[in-house]
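Trainee: Pasting entry18.txt here (compact mmCIF, C-alpha atoms):
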# COMPACT_ATOMS: atom_id res chain seq x y z
CA MET A 10 134.47 95.73 127.49
CA ALA A 11 133.43 98.68 125.44
CA PRO A 12 132.20 97.87 122.00
CA LYS A 13 134.47 98.70 119.14
CA PRO A 14 133.66 101.95 117.40
CA THR A 15 131.98 101.32 114.13
CA LYS A 16 131.82 103.24 110.93
CA GLY A 17 128.23 104.05 111.72
CA ARG A 18 129.14 105.74 114.99
CA ARG A 19 131.80 107.85 113.32
CA LYS A 20 129.25 108.97 110.77
CA GLY A 21 126.91 109.85 113.61
CA GLY A 22 129.58 112.07 115.23
CA ALA A 23 130.16 114.04 112.06
CA HIS A 24 126.42 114.41 111.72
CA THR A 25 126.21 115.89 115.22
CA ARG A 26 129.03 118.37 114.55
CA TRP A 27 127.25 119.56 111.40
CA TRP A 28 124.22 120.46 113.46
CA VAL A 29 126.37 122.25 116.04
CA TYR A 30 127.94 124.37 113.32
CA ALA A 31 124.56 125.09 111.77
CA ALA A 32 123.08 126.10 115.11
CA GLY A 33 126.06 128.35 115.79
CA ALA A 34 125.75 130.04 112.42
CA ALA A 35 122.01 130.56 112.90
CA GLY A 36 122.60 132.03 116.33
CA GLY A 37 125.25 134.39 114.99
CA ALA A 38 122.95 135.53 112.21
CA ALA A 39 120.17 136.15 114.72
CA VAL A 40 122.46 138.25 116.92
CA LEU A 41 123.65 140.25 113.89
CA ALA A 42 120.08 140.87 112.73
CA LEU A 43 119.08 142.01 116.22
CA PHE A 44 122.04 144.39 116.31
CA VAL A 45 121.09 145.91 112.96
CA ILE A 46 117.45 146.37 114.03
CA VAL A 47 118.34 147.94 117.38
CA SER A 48 120.93 150.19 115.75
CA GLY A 49 118.30 151.38 113.32
CA LEU A 50 115.84 152.12 116.12
CA ILE A 51 118.15 154.01 118.46
CA GLY A 52 120.62 155.49 115.99
CA GLY A 53 118.44 158.01 114.13
CA ASP A 54 121.33 160.32 113.30
CA THR A 55 123.22 157.55 111.56
CA LYS A 56 120.61 157.77 108.78
CA ASP A 57 121.76 161.26 107.81
CA PRO A 58 123.75 161.13 104.61
CA PRO A 59 127.41 162.07 104.91
CA ILE A 60 128.12 165.67 103.99
CA VAL A 61 130.43 166.32 101.05
CA VAL A 62 132.53 169.40 101.83
CA PRO A 63 134.12 170.75 98.64
CA VAL A 64 137.65 172.07 98.71
CA PRO A 65 137.87 175.85 99.12
CA ARG A 66 138.52 178.02 96.11
CA PRO A 67 142.01 179.46 95.56
CA ALA A 68 142.77 182.31 97.93
CA GLY A 69 143.58 184.56 94.99
CA LEU A 70 140.02 184.50 93.72
CA ALA A 71 138.09 187.45 95.09
CA GLN A 72 134.74 186.70 96.73
CA GLU A 73 132.46 189.51 97.74
CA GLY A 74 128.93 188.49 98.60
CA ARG A 75 127.31 186.93 95.57
CA VAL A 76 130.13 188.05 93.27
CA LEU A 77 133.06 185.83 92.45
CA GLY A 78 136.07 187.41 90.79
CA SER A 79 137.55 190.87 90.52
CA PRO A 80 134.95 193.66 90.82
CA SER A 81 136.83 195.54 88.09
CA ALA A 82 136.73 192.67 85.60
CA PRO A 83 135.53 193.89 82.17
CA VAL A 84 133.00 191.10 81.63
CA THR A 85 130.09 190.32 83.94
CA ILE A 86 128.56 186.87 83.95
CA THR A 87 125.20 186.62 85.65
CA GLU A 88 123.86 183.21 86.56
CA TYR A 89 120.32 182.58 87.72
CA ALA A 90 120.45 179.36 89.65
CA ASP A 91 118.13 177.17 91.66
CA PHE A 92 120.21 175.30 94.22
CA GLN A 93 117.88 172.33 94.15
CA MET B 27 127.67 174.27 87.79
CA GLY B 28 129.35 172.02 85.26
CA VAL B 29 131.02 174.84 83.33
CA LEU B 30 131.92 176.89 86.37
CA PRO B 31 135.31 175.33 87.20
CA THR B 32 136.60 176.00 83.68
CA ILE B 33 135.17 179.53 83.59
CA GLU B 34 136.74 180.19 86.96
CA GLU B 35 140.13 179.05 85.81
CA GLU B 36 140.11 180.78 82.43
CA PHE B 37 138.34 184.03 83.20
CA LEU B 38 137.72 184.67 86.90
CA LEU B 39 141.16 183.84 88.24
CA THR B 40 142.73 185.83 85.42
CA GLY B 41 140.63 188.92 86.22
CA LYS B 42 138.89 188.95 82.84
CA ALA B 43 135.40 188.30 84.17
CA LYS B 44 133.39 188.23 87.35
CA LEU B 45 130.42 186.04 88.15
CA GLU B 46 127.34 187.25 89.95
CA LEU B 47 125.03 184.54 91.20
CA ARG B 48 121.32 185.21 91.64
CA PRO B 49 119.70 182.39 93.58
CA ILE B 50 116.08 181.88 92.63
CA ALA B 51 113.50 179.34 93.67
CA PHE B 52 111.68 177.56 90.87
CA LEU B 53 111.61 174.07 92.27
CA GLY B 54 109.66 174.41 95.48
CA GLU B 55 109.80 175.43 99.08
CA LEU B 56 113.20 173.92 99.83
CA SER B 57 114.74 175.74 96.88
CA GLY B 58 113.68 178.96 98.54
CA LEU B 59 114.96 177.84 101.91
CA ALA B 60 118.34 176.93 100.41
CA ALA B 61 118.57 180.34 98.73
CA GLN B 62 117.78 182.02 102.05
CA ALA B 63 120.39 179.87 103.77
CA ALA B 64 123.01 181.03 101.27
CA GLU B 65 122.15 184.63 102.16
CA CYS B 66 122.48 183.77 105.85
CA ALA B 67 125.90 182.27 105.13
CA ASN B 68 126.72 185.47 103.25
CA GLU B 69 126.24 187.35 106.51
CA GLN B 70 129.25 185.40 107.75
CA GLY B 71 131.22 185.90 104.53
CA ARG B 72 130.65 182.35 103.31
CA PHE B 73 128.21 182.72 100.43
CA TRP B 74 130.35 180.80 97.96
CA ARG B 75 131.38 178.11 100.40
CA PHE B 76 127.71 177.56 101.12
CA HIS B 77 126.90 177.65 97.40
CA ASP B 78 129.47 174.92 96.85
CA ILE B 79 128.29 172.71 99.68
CA LEU B 80 124.70 172.98 98.45
CA TYR B 81 125.68 171.81 94.98
CA ALA B 82 127.86 169.06 96.39
CA ASN B 83 124.96 167.70 98.42
CA GLN B 84 122.02 168.16 96.09
CA GLY B 85 119.24 165.63 96.36
CA GLY B 86 117.11 166.64 93.40
CA LYS B 87 113.57 167.88 93.20
CA GLY B 88 111.36 166.46 95.93
CA SER B 89 114.19 165.34 98.20
CA ASP B 90 114.74 166.70 101.69
CA ALA B 91 118.43 167.37 101.05
CA PHE B 92 117.84 171.07 101.73
CA SER B 93 115.58 170.74 104.73
CA ARG B 94 116.22 173.10 107.62
CA LYS B 95 117.98 170.29 109.48
CA HIS B 96 120.40 169.55 106.65
CA LEU B 97 121.07 173.24 105.95
CA GLN B 98 122.02 173.55 109.59
CA ARG B 99 124.34 170.55 109.23
CA PHE B 100 125.99 172.21 106.22
CA ALA B 101 126.54 175.38 108.25
CA ALA B 102 128.17 173.35 111.02
CA ALA B 103 130.35 171.47 108.51
CA LEU B 104 131.65 174.80 107.19
CA GLY B 105 132.41 176.09 110.66
CA LEU B 106 129.79 178.84 110.60
CA ASP B 107 128.35 180.33 113.75
CA THR B 108 125.44 177.91 113.82
CA ALA B 109 123.40 179.85 116.36
CA ALA B 110 123.55 183.00 114.25
CA PHE B 111 122.85 180.98 111.13
CA ALA B 112 119.81 179.32 112.70
CA SER B 113 118.53 182.63 113.97
CA CYS B 114 118.89 184.15 110.50
CA LEU B 115 117.18 181.25 108.78
CA ASP B 116 114.36 181.06 111.32
CA SER B 117 113.70 184.77 110.99
CA GLY B 118 112.84 184.41 107.31
CA LYS B 119 114.48 187.78 106.73
CA TYR B 120 115.58 186.84 103.22
CA ALA B 121 112.36 185.14 102.12
CA SER B 122 110.97 188.22 100.40
CA MET B 123 114.32 188.94 98.76
CA VAL B 124 114.45 185.46 97.22
CA ALA B 125 110.80 185.74 96.13
CA ASP B 126 111.47 189.15 94.58
CA ASP B 127 114.54 187.86 92.75
CA THR B 128 112.56 184.89 91.47
CA ASN B 129 109.74 187.13 90.24
CA ALA B 130 112.19 189.52 88.63
CA ALA B 131 113.91 186.62 86.86
CA GLN B 132 110.59 185.33 85.56
CA GLN B 133 109.64 188.79 84.31
CA ARG B 134 112.94 188.87 82.50
CA GLY B 135 112.03 185.64 80.76
CA VAL B 136 114.10 183.26 82.84
CA ASP B 137 112.10 180.07 82.95
CA SER B 138 114.77 177.48 83.67
CA THR B 139 118.02 177.25 85.56
CA PRO B 140 120.81 177.72 85.19
CA THR B 141 120.28 180.71 82.92
CA VAL B 142 123.46 182.56 82.07
CA LEU B 143 123.88 186.12 80.86
CA VAL B 144 127.13 187.66 79.71
CA ASN B 145 127.18 191.43 79.93
CA GLY B 146 123.39 191.30 80.17
CA LYS B 147 122.83 189.11 77.13
CA GLU B 148 121.48 185.60 77.60
CA VAL B 149 123.69 182.84 76.26
CA GLY B 150 123.38 179.08 76.10
CA GLY B 151 124.66 177.13 79.04
CA SER B 152 127.38 175.13 77.34
CA LEU B 153 131.01 175.87 78.04
CA GLU B 154 131.67 176.77 74.42
CA GLU B 155 128.80 179.26 74.31
CA VAL B 156 129.75 180.94 77.57
CA ARG B 157 133.41 181.05 76.62
CA ALA B 158 132.64 182.59 73.21
CA ALA B 159 130.38 185.23 74.76
CA ILE B 160 133.02 186.19 77.31
CA GLN B 161 135.74 186.45 74.69
CA GLU B 162 133.44 188.59 72.58
CA GLY B 163 132.87 190.88 75.56
CA LEU B 164 136.53 191.35 76.36
CA PRO B 165 138.21 194.58 75.28
CA PRO B 166 140.50 194.13 72.26
CA GLU B 167 143.75 194.28 74.24
CA SER B 168 142.80 191.33 76.50
Translate this file's structure into structure tokens.

Mentor:
Amino acid sequence: MAPKPTKGRRKGGAHTRWWVYAAGAAGGAAVLALFVIVSGLIGGDTKDPPIVVPVPRPAGLAQEGRVLGSPSAPVTITEYADFQ
Amino acid sequence: MGVLPTIEEEFLLTGKAKLELRPIAFLGELSGLAAQAAECANEQGRFWRFHDILYANQGGKGSDAFSRKHLQRFAAALGLDTAAFASCLDSGKYASMVADDTNAAQQRGVDSTPTVLVNGKEVGGSLEEVRAAIQEGLPPES
């Protein structure tokens, strides 16, 4: 006849499940870390920052080379600019 | 760049003023390369689109945001002929032009950017100062 389960045994079972969950979580974290490291090693292009592409100017605004606006406009604004 | 959208709306779109940009290179080698790239984009009629994408993706002094690789990415993002663009940039055909413009600006007393002139007269860079100078330069009937 099998011995009656005791409180102690039930506690032992919960204890075992805790370790199973912990081991599973650790394994998952290890796999995730490995994925991140490998992605970083083989995915060089993914390090490039995303490019922001501004919306185009209104079609009615004349653009001729470095000049923006109507060539016959009475006022000329000159801007010296360093792109960086 | 901060005042440009307002100036565009108030004065460029209304035909009261035009803006001429003179790219110069004060901040190092990549400044010069970016200015050359804008001229290469100009060959394909995209000077201002390239101007805008440069400003939208600035990395500041010392960054590699305007390295040859990234300039090429910008050209691709704008749909330029990337082979022609690369050939232009690699040729360095605009290097002396940018250097000459930079030297000419320095001789004129430009020692920081952006420096803004209205009808040839230097004005402060704030919106109010630029706006006042433009309004002063407009003919009376405008």

Trainee: For Pro166 (chain B), please output as a PyMOL selection string all residues within 12 Å (counting all atoms listed in the file; exclusion window: fewer than 3 positions along the same chain).

Mentor: (chain A and resi 83) or (chain B and resi 42+161-163)

Trainee: With only C-alpha atoms as the atoms that count, which of B:Ala82, B:Ala159, B:Ala63, B:Val29 lies nearest to chain A?

Mentor: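 With only C-alpha atoms as the atom set, the closest residue is B:Ala82.
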
Trainee: With 8 Å as the limit and counting only C-alpha atoms, what residues in chain B lie close to chain A? Please list them as a PyMOL selection string.

Mentor: chain B and resi 38-39+41-53+56-57+60-61+68+71-75+77-87+92+100+103-104+131+136+139-146+160+163-165

Trainee: Could you please determine the separation between CA of Leu30 (chain B) and CA of Ala130 (chain B) in Å, to one decimal place?

Mentor: 23.5 Å

Trainee: What does the structure give for the distance between CA of Gly135 (chain B) and CA of Lys147 (chain B), in Å to one decimal?

Mentor: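 It comes out at 11.9 Å.
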
Trainee: Would you mind listing what lies within 7 Å of Gln98 (chain B) as a list in words, with all atoms listed in the file counted and same-chain residues fewer than 4 positions away left out?

Mentor: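 What passes the distance filter is Arg94, Ala102, Thr108 and Ala112 of chain B.
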